[in-house]
Each structure stands twice: as C-alpha cells, then as structure tokens.
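Asker: Mind looking over this structure? Questions follow.
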Amino acid sequence: MDAFSRRTLLRGLSAAAVAGAAGSALGCSAKTTTGTSGRIGADVLPTFANAGNAEPALKSASPLGMSGYFEYPPNPVASVSKPPLSGGQISALTYTFDPVAPGKSDNPLWQEVDKRLGGKLDITYAPAADYAQRFATTVAGGDLPDLVSIYGSVQQLPALLKAKFTDLTEYLSGDAVKDYPNLAGLSTDSWRKTVYGNALWGVPIARVPIPSVAWIRADLVAGTGLPAQPKDIGEFKALLKGLTNERKSRWACGDPGSTLTMIAASLGIPGSWSEDGGKFTSNIELEEYEKALADTRELADAGVFHPDGLVASNNQRNDWFTNGTTPIVFGGYAGWSKYEMWGAEVPGFKLGSLPMFGYDAASKPVHPRGSAAQAFTAVTQAEPDRVREVLRVLDWLAAPFGSSEYLLRNFGIEGQTFTFEGKDPIVNSRGQNLRLVPFGYVSGPTLAIYDPGRRDVAQARFDYQEAALPILAPDPTQGLYSETDAAKGLQLGKDLTDTRNGILAGRAPVSSWKAAVTKWRNGGGDKIRSEFEQAFSEAGPK
Amino acid sequence: MTGLLETTAERRARRNRHPASDERPAWMGRQPRWATAARGGLLTVACLAVIVPFVAVVMTSLAPQRDISARGGLVLFTSEPSLAAYRAVLSGGVVTRALSVSVAVTAVGTVLSLACTIMLAYALSRPGSLLHKPILLMTLFTLLFNPGMIPMYLIVKQLGLIDNLAALILPVVVNAFNVIVMRSFFLELPGELTESAKIDGAGELRILTSIVLPLSKAVVAVVGLFYAVAYWNAFFSALLYLPSPEKWPLQLVLRTFVVNQTPLGTDELSASTESLPPQASIQMAILVMSVIPILIIYPFIQKHFSKGLLIGAVKG
C-alpha cells in the first residue's frame, strides 16, 4: 500500500498546499489534535451548508464524512431548477481514472447532460497519470478552456493562478456561496486546498480524507487465538508474528512501509508536518519516528514481511491478500467493495479491518490523513457574468447523491443505460461505457457510501469512516504553499524512502536514519520548513 | 570446401561419393545419442523460455479472477477460459475506432516517412549534391538534441495541427537514425552501377527507382518496420496534440485501461472497475491485441531484418 507508506512519508513531505493527488498530506501534529489549522483562509472560505435533501440511512457526524445509503432515494428531483446555460458553450480540461468514453456524437448520456444544462459542455481529458504533461503544454500554448483541473503538483502555482485564472473569492467566499447551494455542500477542508494567498482559486473535487485502511483476512485469523483487533504495539507484533509461517509460504503482510506508517500513527505522530506556535516540525525529525522505524525493523528481522514486500506492486499485494499469502494488506479506503468482490471467489473469505490502536496506554493514536480534495477546478479569467455562468455549471455538476442530475451523470437515462431493480439503478453494459465521461473530475458532490445490494459493506465502510474521522491527523500545511516543496519535494522524499527501505531490508542500521534526515534538511527540508512558516504567518486572518 | 561455381550436378555427385556415414568427415558424422538428446533438450528449454511467457500472457487474458488470485499473478492454465476481458475492452466502439485511426496513421505515416527518408538518404549519399554537408550535419544534430515537449507543442500549434491526425505524423516524419542507416546502405552500393546508368542517360530519379531501390529491399524493409512500429506504438504525441478522445490512436486508448485502472485506487475507485473483468486479464488482453499486428507483419519482412540492419548500421 502505497497509500500509507509512500504516500504518507513521501507525499506527506511534498504535500504542501498543492492540490495534490489524493492522499497527499497525511497530517500532523501530536500536540494539536484539532482537525486542521483553523486559521488558514478563515476569512475567505465558503460557508458550509448541507446540499440535497435525500435523507441518508447513515448520517455522518462529521461534515467531512460521506453519508450512507442502502438504496437509491426514490423519486429523485432536480436540485437546480433552471438550466445554468442559455445556449452557450463551456469547455473544460480535466483528468480521468477511467477508460476513454465514447465521444459526444455517439453518447446519448452526454447529449442529455448538454440538454439539461441548456448549452454545450465540451470536455477534453487525459489519463490522470499523463495529466501533468497535457496541462503543461496547454498552459504553454495559451488557449485555455473555461475550466482547467489543477491536479497533482504544479510548480509556481500561485503565480500561474494569478496570471491566468479568476480569483473566485468575491463569488464564493462566506455567504456568497449560497448562490451555488451544491457547492456550499462541499466540505470546508476541501475548500482549503483551493486557497492561495488568502483567496479562493477554484472549486474542489472533494474526497473523504481517509487514504487507506489496514485490511485483514478475518477468516484466517479466526480460531488462531491471535488478537484480531490489537490494542497496543505488543498485540500488533504478536498478531504479525503469529500469522507468519514461512514454511507454508505465508507472511503476515507484504508492505513494510505501510506497517511503519501504521506504527508511527499509533504513536500519534503526524504523516508530514506539525505546527506549534508557528514553528513547523517534520514527522521524520521526531524521535518517535525513529522508534517506529526500530519497531518495524524488528518485525522485518522476525520475517513477518513477504520477501518481495518492498518492491511489490499494489496489484501483487492484493493478489497475495486474496489468495491468503499475506493476511494483511494496506489498501485504499475507496476500494472496499473491490476486496469484497475478489474475495467472493475465495471459499470462506471474510474481510476485516484493523482499527487504529495506541502504541501503549499513554499514547493517543491518529489515523493518517489523506487529502480532502483530490484536485480543484480553476476558472479561466473572464467577465463577471461569464464567471457566474461557469460557476452555475459547476454547481449543476455538483448536484448531490439522490438528485436527478446525479442519477443522469452517474447512471444515465432509464431504459437506455440503466434499469431500476427494486429501488437501485443498475447500469447495463452500454451504460458502463457511456457513463465514463469524466464529469465528476470537473465538478462533483461529496461522495456517498452506496453499495447496492450489499448492506453489510455499506455499514462496514460507514463504521470505519466514523471511527477514523475524529482521530484524523491534523495537517497544518493545508492551504499553504511552498515552492521548494513543489519543485523538490518528490525527489527529497524519494531519497528518504530509499534510506527507509535500506533500513527495513536490513542493509543499514536504524541509526543511519539521522544522517538521512540531516541530508534532507540541508537538501531542501529546512527551506520547505521556512517557506511553510512564512506562508503560515502571512495566511492568518487579517 | 565447395567452390562457388559448383553446379547442382556436381554437388549431387559429391554427396553420392559419401553414401556411408563412416566416410563422412567428423563434423558430418552421426552424433552419439546423448549428444542429440542434450541438444534437443537445450533447444526445448530455449523454445520454452520464449513460448511459456507468451502462453502465460494469453492464458491470463482469458482467466477469471479466481485463477489469477490463486496464482498470485500470471496464469499458465485456466479451466474456465472466457473472453470477458476482450469483450470489455472492445465494447462501446471506442477501441475499434481507435484501431482504425492507428492503422491509418501507421499506413500513411510509414509510406510518407519511407519516401522522405529514401530521398534524403539518397541525396546525402551522392557526393557533391547541393548543400550536402550542412544538411547532413543538421540531420545528425537532431540525433543529439531534440526540442523538448513544450517547444514541439508550440510549433505543432502554430502550424495549426492541434487536433489533426497529421500531428502524429509530420513532426516525426523523418528520423535521423533511419536516415543514417539507409544512407550507409546506399553508400555501399558499387558506384559503377550508378555510373553506367548515367552513361545510359538515366537521371537521378531514374537511378534511384530503377537501380538503387531494387538493390535496397532489405534496408527499406527494415527502416519501414522501424517507422511502422514507431507509429503503431506512439501515444504521447496523441496525448499532447489531440484533445478529442475520438481521434486517439489505439495505444493511447489502451493506455487508459492500463494506467488508469490501478484498481486499488488509493486515489480513486473508478466508475467502471466494478463491472470490469480482472485487471490482470485486461492488461494481458491489451498486450495480446497490440502485439497481433506486429505478429502479422513480421514474418513477411523478417528475412530482410537482420541483414538490413547489419549492413546499414555497422558501417555507418
């Protein structure tokens, strides 16, 4: 699981306020356990107001959380009464995680979206992995579409935003967002990702900031007498050692890096930065981090990790998990139903999750934090009336779960692309293709937990979320920008990972970590720190 | 041992002189059985080393998730083969459309590239052609330095080629390496041939088409294959220059299946993953699909392949 380890450690470092790929900043301070630093952008953030009126079966206690539904709300109605466009055209450039969708001329779903928008929405897109190149050339070429996704790390981002895009503060800040009720339903934390220089620069693609989950094969633990829900580091180690049987080619886990992250979180230390009185400290500088490193090394020496663990791909690790080679895997929270699906083929398969545990009775564990916004959509400079029109389209696209707009965007047209089975819309094979248009990466609502026909899965996902959100590690860098981080963060993080992997593979002693941290500080870490500190002192309410 | 001028009849006679194995020279003698067996075994292993991975790719593309999970990756045999992965990739018409784009770009591009490369290489192989040296240097220069992504994009944009399939061909129509290979081959042709043609009154074009090209089939086949493979595999230029996904070539469309479907999306659970066949099957199905055209073409030009490349490259 890269979600925990590489992303926590690495991206955590490079997270900055860059609206990063999901799971960037893993949060932070052992000392402050409040959600996030409340002062960043406090006077520009939009006022939160729940969007939509579909009553969820499971209502999240946190505004960050997803609500759960066991069935699609009956009689969906439009959340936006008037078409946002009057015959005009809007162009957008975005990314996608899906295969290519059929073009508009062959795509009745897209045509119907246009019809309901009252104009034309033209989207061009690139695979998420290649988006950076596409973005760079488009910006260099100069002809920007009306809407551009800011996804991944972008150098000189604040300057770019100022030069080419619209400062949306006057349109969206505070109560102004009420003109766009669906956008007002996006979590406040997700908006923080769009704040640069105390101004709002886009509309976030909001996500629940839970990056990953430690999954466990409950069926393989049952009957072994091992603690399936470890309460402290001792039980955790006992579990991992107990699950390992090298003669039978079974190891507890295939992912040493993520295990390290989990132990670090059990000590309550952040994924990236912590802030105290305006001073920033990186998690890797903390003594506790070294302690977690030593514990993980001890586990590695005991042979609990798959021999290929450090170099395996996520696909491999998931296969090891499904076939029982490693009964513990770290994977994306979003992939919950995927594991259930693979497991359905395995006799006796039972999916469980390891809750966060405290290192010992005194420690306060945190859950690693992902990014509350996967990306954000910036609006190219235009006349105020045009900007309002564009924002109305984004508002339409952000119509929440349960609305008729949501039904159209995600499931299509009844009879053509989906049919209702009971109360649940089930997409047919034609719909599977047609609905791949990446509307949701241009603008979308807070996601919902909805697993048609799998009430137990929905409940488990919801329960995990509700347990994790209150203890999410805080992230003081949200809404702050460090140029050094955007430019060098990834490389600096890679050097640290190499050292970390060397230690976990037994090639270097734990004590070599200090030298790596010094190298990181001199190579740019200290510069990132001072840039964050400066941004932090400038960002407060005026 | 046989002379160059030996006739068939002589050869037959010579063979008849050695009817019994005992009289054969050592290297023609019958092998002891163990040696034959060892050689057979060695060749079998070598063949398997090539064939097994390919079988694994094909089998995995047909396998259900259960087999893939059980094997932890590649599958060598599946009891329930299914074409679900192929169906998933081919449904919706996007891939078939992309296939026609790829075929068209590859065909047109290869012909254009060959024409330009042959003419350039021929001109550069004639001593005393106009601006011979500077043009050669300029060509070589592109081997060392290329313009980089953004300058290329700006030029393509200024030429008005954005969202035009020509953008996949024109910027890469001549490849300096291929020009060098071909020029070296042309330089090897005996000058007497072209001289005699000249004496007979042939112009340069006539010499090129009637004398040089018929003697250069090997190198033309090789360079043509290089170009064809490059056009077939290109996805990055399409990513940059073609905003409309309807115009994307096969490789870019297939790429969206492979790189985007990181199933455990720590980033995202994509809309389609729920219904798709196993990721490994899809990847392998895509591999099979993109290898097929090369497999079809290769046997026809294979005989020219090693020969052409060696002749051209070694003496560059």
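Simple scheme: letters A, B, ... for chains in structure tokens order, numbers from 1 for residues in each chain, numbers from 1 for ligands in the order shown.
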Could you tell me which residues of chain A sit within 8 Å of chain B when counting only C-alpha atoms, and give me the result as a ChimeraX atom specification?
Answerer: /A:2-3,21-23,96-103,124-130,133-134,136-137,140-141,211-212,314-316,319-320,322-323,331-335,338,342,345-346,374,430,432-434,436
Asker: Name all residues at most 7 Å from Pro452 of chain A (count only C-alpha atoms; drop same-chain ones fewer than 2 positions away) and give them as a PyMOL selection string.
Answerer: chain A and resi 70-71+424+450+454
Asker: Can you pull out every residue from segment 51-250 of chain B that DSSP, working from the backbone, puts in helix (DSSP H, G or I), and format the result as JSON, numbers by chain?
Answerer: {"B": [51, 52, 53, 54, 55, 56, 57, 58, 59, 60, 61, 62, 65, 66, 67, 68, 69, 70, 71, 84, 85, 86, 87, 88, 89, 90, 94, 95, 96, 97, 98, 99, 100, 101, 102, 103, 104, 105, 106, 107, 108, 109, 110, 111, 112, 113, 114, 115, 116, 117, 118, 119, 120, 121, 122, 123, 124, 125, 132, 133, 134, 135, 136, 137, 138, 139, 140, 141, 142, 143, 144, 149, 150, 151, 152, 153, 154, 155, 156, 157, 158, 165, 166, 167, 168, 170, 171, 172, 176, 177, 178, 179, 180, 181, 182, 183, 184, 185, 186, 187, 188, 191, 192, 193, 194, 195, 196, 197, 198, 199, 204, 205, 206, 207, 208, 209, 210, 211, 212, 213, 214, 215, 217, 218, 219, 220, 221, 222, 223, 224, 225, 226, 227, 228, 229, 230, 231, 232, 233, 236, 237, 238, 239, 240, 241, 245, 246, 247, 250]}
Asker: Identify, with DSSP run on backbone atoms, the residues in segment 343-492 of chain A assigned to strand (DSSP E or B), and express the list as a PyMOL selection string.
Answerer: chain A and resi 351-354+367+373-380+414+418-421+424-427+449-450+472+475
Asker: Need to verify the contact set: Ile297 of chain B, 12 Å, only C-alpha atoms, exclusion of same-chain residues closer than 2 positions in sequence. Can you return it as a CSV table (one decimal) with N, CA, C and O atoms, in the first residue's frame?
Answerer:
chain,number,residue,atom,x,y,z
B,221,ALA,N,12.9,-2.5,-46.1
B,221,ALA,CA,12.0,-3.3,-45.2
B,221,ALA,C,12.3,-3.0,-43.7
B,221,ALA,O,11.4,-2.8,-42.9
B,222,VAL,N,13.6,-2.9,-43.4
B,222,VAL,CA,13.9,-2.7,-42.0
B,222,VAL,C,13.5,-1.3,-41.6
B,222,VAL,O,12.9,-1.1,-40.5
B,224,GLY,N,11.3,0.6,-42.9
B,224,GLY,CA,9.9,0.6,-42.9
B,224,GLY,C,9.3,0.0,-41.6
B,224,GLY,O,8.4,0.6,-41.0
B,225,LEU,N,9.9,-1.1,-41.2
B,225,LEU,CA,9.4,-1.7,-40.0
B,225,LEU,C,9.6,-0.8,-38.8
B,225,LEU,O,8.8,-0.6,-37.9
B,228,ALA,N,7.0,1.8,-38.9
B,228,ALA,CA,5.7,1.3,-38.7
B,228,ALA,C,5.5,1.1,-37.2
B,228,ALA,O,4.5,1.4,-36.6
B,229,VAL,N,6.5,0.4,-36.6
B,229,VAL,CA,6.4,0.1,-35.1
B,229,VAL,C,6.3,1.4,-34.3
B,229,VAL,O,5.6,1.6,-33.4
B,291,VAL,N,0.1,-6.7,-29.8
B,291,VAL,CA,1.1,-7.5,-30.4
B,291,VAL,C,0.7,-8.1,-31.8
B,291,VAL,O,1.5,-8.3,-32.7
B,292,ILE,N,-0.6,-8.4,-31.9
B,292,ILE,CA,-1.1,-9.1,-33.1
B,292,ILE,C,-0.6,-8.4,-34.4
B,292,ILE,O,-0.1,-9.2,-35.3
B,293,PRO,N,-0.8,-7.1,-34.6
B,293,PRO,CA,-0.4,-6.6,-35.9
B,293,PRO,C,1.1,-6.8,-36.2
B,293,PRO,O,1.4,-7.1,-37.3
B,294,ILE,N,1.9,-6.7,-35.2
B,294,ILE,CA,3.3,-6.9,-35.4
B,294,ILE,C,3.6,-8.3,-35.8
B,294,ILE,O,4.3,-8.6,-36.7
B,295,LEU,N,2.9,-9.2,-35.1
B,295,LEU,CA,3.0,-10.6,-35.4
B,295,LEU,C,2.6,-10.9,-36.9
B,295,LEU,O,3.2,-11.8,-37.5
B,299,PRO,N,6.6,-11.8,-40.1
B,299,PRO,CA,7.1,-12.9,-40.9
B,299,PRO,C,7.5,-12.5,-42.3
B,299,PRO,O,8.4,-13.1,-42.9
B,300,PHE,N,6.8,-11.5,-42.8
B,300,PHE,CA,7.0,-11.2,-44.2
B,300,PHE,C,8.3,-10.4,-44.4
B,300,PHE,O,8.8,-10.3,-45.5
B,301,ILE,N,8.7,-9.7,-43.4
B,301,ILE,CA,9.9,-8.9,-43.6
B,301,ILE,C,11.1,-9.4,-42.8
B,301,ILE,O,12.2,-8.9,-42.8
B,302,GLN,N,10.8,-10.5,-42.0
B,302,GLN,CA,11.8,-11.0,-41.1
B,302,GLN,C,13.1,-11.3,-41.8
B,302,GLN,O,14.2,-11.1,-41.3
B,303,LYS,N,13.0,-11.9,-43.0
B,303,LYS,CA,14.2,-12.3,-43.7
B,303,LYS,C,15.1,-11.2,-44.0
B,303,LYS,O,16.3,-11.3,-44.1
B,305,PHE,N,15.3,-8.6,-42.1
B,305,PHE,CA,15.5,-7.8,-40.9
B,305,PHE,C,17.0,-7.7,-40.5
B,305,PHE,O,17.6,-6.7,-40.5
Asker: If we count only C-alpha atoms and set the cut-off at 9 Å, which residues sit around Ala218 of chain A, ignoring sequence neighbours fewer than 2 positions away in its own chain? Please answer as a PDB file with all heavy atoms, in the first residue's frame.
Answerer:
ATOM      1  N   TRP A 215      -6.363  -3.821   5.927  1.00  0.00           N
ATOM      2  CA  TRP A 215      -7.338  -4.905   5.811  1.00  0.00           C
ATOM      3  C   TRP A 215      -6.751  -6.164   6.401  1.00  0.00           C
ATOM      4  O   TRP A 215      -5.549  -6.398   6.331  1.00  0.00           O
ATOM      5  CB  TRP A 215      -7.671  -5.189   4.349  1.00  0.00           C
ATOM      6  CG  TRP A 215      -8.022  -3.999   3.557  1.00  0.00           C
ATOM      7  CD1 TRP A 215      -7.203  -3.294   2.728  1.00  0.00           C
ATOM      8  CD2 TRP A 215      -9.272  -3.340   3.516  1.00  0.00           C
ATOM      9  NE1 TRP A 215      -7.875  -2.252   2.175  1.00  0.00           N
ATOM     10  CE2 TRP A 215      -9.140  -2.255   2.635  1.00  0.00           C
ATOM     11  CE3 TRP A 215     -10.497  -3.572   4.132  1.00  0.00           C
ATOM     12  CZ2 TRP A 215     -10.185  -1.396   2.358  1.00  0.00           C
ATOM     13  CZ3 TRP A 215     -11.536  -2.723   3.847  1.00  0.00           C
ATOM     14  CH2 TRP A 215     -11.376  -1.638   2.975  1.00  0.00           C
ATOM     15  N   ILE A 216      -7.639  -6.998   6.922  1.00  0.00           N
ATOM     16  CA  ILE A 216      -7.175  -8.276   7.455  1.00  0.00           C
ATOM     17  C   ILE A 216      -8.150  -9.372   7.065  1.00  0.00           C
ATOM     18  O   ILE A 216      -9.355  -9.132   6.973  1.00  0.00           O
ATOM     19  CB  ILE A 216      -6.986  -8.207   8.997  1.00  0.00           C
ATOM     20  CG1 ILE A 216      -6.403  -9.503   9.533  1.00  0.00           C
ATOM     21  CG2 ILE A 216      -8.289  -7.857   9.709  1.00  0.00           C
ATOM     22  CD1 ILE A 216      -5.751  -9.349  10.894  1.00  0.00           C
ATOM     23  N   LEU A 220      -8.899 -15.970   8.277  1.00  0.00           N
ATOM     24  CA  LEU A 220      -7.626 -16.644   8.545  1.00  0.00           C
ATOM     25  C   LEU A 220      -7.147 -16.413   9.976  1.00  0.00           C
ATOM     26  O   LEU A 220      -6.305 -17.154  10.482  1.00  0.00           O
ATOM     27  CB  LEU A 220      -6.556 -16.159   7.561  1.00  0.00           C
ATOM     28  CG  LEU A 220      -6.829 -16.484   6.091  1.00  0.00           C
ATOM     29  CD1 LEU A 220      -5.711 -15.943   5.202  1.00  0.00           C
ATOM     30  CD2 LEU A 220      -6.985 -17.986   5.891  1.00  0.00           C
ATOM     31  N   VAL A 221      -7.659 -15.354  10.609  1.00  0.00           N
ATOM     32  CA  VAL A 221      -7.266 -15.083  11.989  1.00  0.00           C
ATOM     33  C   VAL A 221      -8.154 -15.870  12.956  1.00  0.00           C
ATOM     34  O   VAL A 221      -7.700 -16.330  14.010  1.00  0.00           O
ATOM     35  CB  VAL A 221      -7.359 -13.570  12.296  1.00  0.00           C
ATOM     36  CG1 VAL A 221      -6.895 -13.280  13.710  1.00  0.00           C
ATOM     37  CG2 VAL A 221      -6.514 -12.790  11.307  1.00  0.00           C
ATOM     38  N   ALA A 222      -9.408 -16.049  12.557  1.00  0.00           N
ATOM     39  CA  ALA A 222     -10.360 -16.731  13.443  1.00  0.00           C
ATOM     40  C   ALA A 222      -9.833 -18.112  13.817  1.00  0.00           C
ATOM     41  O   ALA A 222      -9.331 -18.846  12.971  1.00  0.00           O
ATOM     42  CB  ALA A 222     -11.712 -16.850  12.747  1.00  0.00           C
ATOM     43  N   ALA A 228      -7.257 -10.314  16.827  1.00  0.00           N
ATOM     44  CA  ALA A 228      -7.644  -9.800  15.521  1.00  0.00           C
ATOM     45  C   ALA A 228      -7.794  -8.286  15.543  1.00  0.00           C
ATOM     46  O   ALA A 228      -7.764  -7.645  14.508  1.00  0.00           O
ATOM     47  CB  ALA A 228      -8.944 -10.451  15.065  1.00  0.00           C
ATOM     48  N   PRO A 327      -2.114 -12.268   5.019  1.00  0.00           N
ATOM     49  CA  PRO A 327      -3.479 -11.984   5.502  1.00  0.00           C
ATOM     50  C   PRO A 327      -3.719 -10.517   5.853  1.00  0.00           C
ATOM     51  O   PRO A 327      -4.823 -10.164   6.238  1.00  0.00           O
ATOM     52  CB  PRO A 327      -3.607 -12.856   6.754  1.00  0.00           C
ATOM     53  CG  PRO A 327      -2.429 -13.766   6.731  1.00  0.00           C
ATOM     54  CD  PRO A 327      -1.360 -13.094   5.953  1.00  0.00           C
ATOM     55  N   PHE A 349     -13.887 -16.619   2.606  1.00  0.00           N
ATOM     56  CA  PHE A 349     -13.294 -15.288   2.704  1.00  0.00           C
ATOM     57  C   PHE A 349     -14.128 -14.360   3.577  1.00  0.00           C
ATOM     58  O   PHE A 349     -15.324 -14.233   3.393  1.00  0.00           O
ATOM     59  CB  PHE A 349     -13.175 -14.694   1.301  1.00  0.00           C
ATOM     60  CG  PHE A 349     -12.524 -13.327   1.245  1.00  0.00           C
ATOM     61  CD1 PHE A 349     -11.176 -13.206   1.007  1.00  0.00           C
ATOM     62  CD2 PHE A 349     -13.275 -12.184   1.425  1.00  0.00           C
ATOM     63  CE1 PHE A 349     -10.581 -11.949   0.936  1.00  0.00           C
ATOM     64  CE2 PHE A 349     -12.689 -10.927   1.364  1.00  0.00           C
ATOM     65  CZ  PHE A 349     -11.341 -10.818   1.123  1.00  0.00           C
ATOM     66  N   LYS A 350     -13.453 -13.735   4.540  1.00  0.00           N
ATOM     67  CA  LYS A 350     -14.157 -12.730   5.347  1.00  0.00           C
ATOM     68  C   LYS A 350     -13.220 -11.541   5.531  1.00  0.00           C
ATOM     69  O   LYS A 350     -12.108 -11.686   6.008  1.00  0.00           O
ATOM     70  CB  LYS A 350     -14.559 -13.314   6.703  1.00  0.00           C
ATOM     71  CG  LYS A 350     -15.550 -12.446   7.434  1.00  0.00           C
ATOM     72  CD  LYS A 350     -16.251 -13.223   8.553  1.00  0.00           C
ATOM     73  CE  LYS A 350     -17.301 -12.388   9.270  1.00  0.00           C
ATOM     74  NZ  LYS A 350     -16.886 -11.044   9.625  1.00  0.00           N
ATOM     75  N   LEU A 351     -13.706 -10.388   5.091  1.00  0.00           N
ATOM     76  CA  LEU A 351     -12.886  -9.177   5.133  1.00  0.00           C
ATOM     77  C   LEU A 351     -13.056  -8.477   6.471  1.00  0.00           C
ATOM     78  O   LEU A 351     -14.165  -8.296   6.954  1.00  0.00           O
ATOM     79  CB  LEU A 351     -13.312  -8.230   4.006  1.00  0.00           C
ATOM     80  CG  LEU A 351     -12.487  -6.963   3.822  1.00  0.00           C
ATOM     81  CD1 LEU A 351     -11.104  -7.285   3.309  1.00  0.00           C
ATOM     82  CD2 LEU A 351     -13.188  -6.011   2.844  1.00  0.00           C
ATOM     83  N   GLY A 352     -11.936  -8.101   7.069  1.00  0.00           N
ATOM     84  CA  GLY A 352     -11.997  -7.302   8.286  1.00  0.00           C
ATOM     85  C   GLY A 352     -11.049  -6.127   8.152  1.00  0.00           C
ATOM     86  O   GLY A 352     -10.284  -6.036   7.197  1.00  0.00           O
ATOM     87  N   SER A 353     -11.110  -5.222   9.094  1.00  0.00           N
ATOM     88  CA  SER A 353     -10.170  -4.105   9.064  1.00  0.00           C
ATOM     89  C   SER A 353      -9.553  -3.937  10.442  1.00  0.00           C
ATOM     90  O   SER A 353     -10.173  -4.243  11.455  1.00  0.00           O
ATOM     91  CB  SER A 353     -10.881  -2.821   8.645  1.00  0.00           C
ATOM     92  OG  SER A 353     -11.904  -2.514   9.564  1.00  0.00           O
TER      93      SER A 353
END
Asker: If we count only C-alpha atoms and set the cut-off at 8 Å, which residues sit around Trp513 of chain A, ignoring sequence neighbours fewer than 6 positions away in its own chain? Please answer as a list in words.
Answerer: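 The filter keeps Glu290, Thr499 and Arg500 of chain A.
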Asker: Please, could you write that set of residues out with N, CA and C atoms as a compact mmCIF listing (two decimals), in the first residue's frame?
Answerer:
# COMPACT_ATOMS: atom_id res chain seq x y z
N GLU A 290 11.76 7.52 14.77
CA GLU A 290 12.85 6.55 14.79
C GLU A 290 12.46 5.31 15.59
N THR A 499 16.47 5.40 1.93
CA THR A 499 17.12 5.11 3.20
C THR A 499 16.22 4.22 4.07
N ARG A 500 14.94 4.58 4.11
CA ARG A 500 14.00 3.81 4.92
C ARG A 500 13.96 2.35 4.45
Asker: Name the residues in contact with segment 55-61 of chain B at a cut-off of 8 Å, using only C-alpha atoms, excluding same-chain residues fewer than 3 positions from it; report them as a PyMOL selection string.
Answerer: chain B and resi 51-52+68+74-78+81+83+85-86+280-285+287-288
Asker: Quick one: pull the distance between atom CA of Pro365 of chain A and atom CA of Asn283 of chain A, Å, one decimal.
Answerer: 14.2 Å
Asker: For Thr281 of chain A, find every residue with an atom within 9 Å (counting only C-alpha atoms), except residues of its own chain fewer than 4 positions away, and show them as number ranges by chain.
Answerer: A: 29, 272-276, 285-286, 529
Asker: Output N, CA and C atoms of each residue in that selection to a file, as an mmCIF file, in the first residue's frame.
Answerer:
data_model
loop_
_atom_site.group_PDB
_atom_site.id
_atom_site.type_symbol
_atom_site.label_atom_id
_atom_site.label_comp_id
_atom_site.auth_asym_id
_atom_site.auth_seq_id
_atom_site.Cartn_x
_atom_site.Cartn_y
_atom_site.Cartn_z
ATOM 1 N N SER A 29 0.082 17.004 13.737
ATOM 2 C CA SER A 29 0.761 17.308 14.972
ATOM 3 C C SER A 29 0.296 16.434 16.093
ATOM 4 N N SER A 272 3.125 14.206 8.059
ATOM 5 C CA SER A 272 4.096 15.118 7.442
ATOM 6 C C SER A 272 4.550 16.178 8.449
ATOM 7 N N TRP A 273 3.820 17.276 8.558
ATOM 8 C CA TRP A 273 4.293 18.376 9.388
ATOM 9 C C TRP A 273 3.413 18.560 10.612
ATOM 10 N N SER A 274 4.027 19.053 11.682
ATOM 11 C CA SER A 274 3.231 19.526 12.804
ATOM 12 C C SER A 274 3.632 20.967 13.077
ATOM 13 N N GLU A 275 2.722 21.696 13.690
ATOM 14 C CA GLU A 275 2.948 23.125 13.887
ATOM 15 C C GLU A 275 2.697 23.444 15.349
ATOM 16 N N ASP A 276 3.590 24.222 15.904
ATOM 17 C CA ASP A 276 3.411 24.623 17.297
ATOM 18 C C ASP A 276 3.888 26.065 17.424
ATOM 19 N N GLU A 285 11.632 14.077 11.684
ATOM 20 C CA GLU A 285 12.638 14.592 12.622
ATOM 21 C C GLU A 285 12.354 14.144 14.046
ATOM 22 N N LEU A 286 11.148 13.617 14.269
ATOM 23 C CA LEU A 286 10.759 13.273 15.643
ATOM 24 C C LEU A 286 11.446 11.990 16.100
ATOM 25 N N ARG A 529 10.524 24.103 5.263
ATOM 26 C CA ARG A 529 10.022 24.484 6.579
ATOM 27 C C ARG A 529 9.841 26.010 6.664
#
Asker: In Å, how far is it from atom CA of Arg435 of chain A to atom CA of Glu112 of chain A?
Answerer: 11.6 Å
Asker: Separation of atom CA of Pro63 of chain A and atom CA of Ala206 of chain A, in Å?
Answerer: 11.4 Å
Asker: Nearest to Gly68 of chain A among A:Ala515, A:Ile90, A:Val510, A:Val457, with distances taken over only C-alpha atoms: which residue is it?
Answerer: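 For Gly68 of chain A, the nearest of the given residues is A:Val457.
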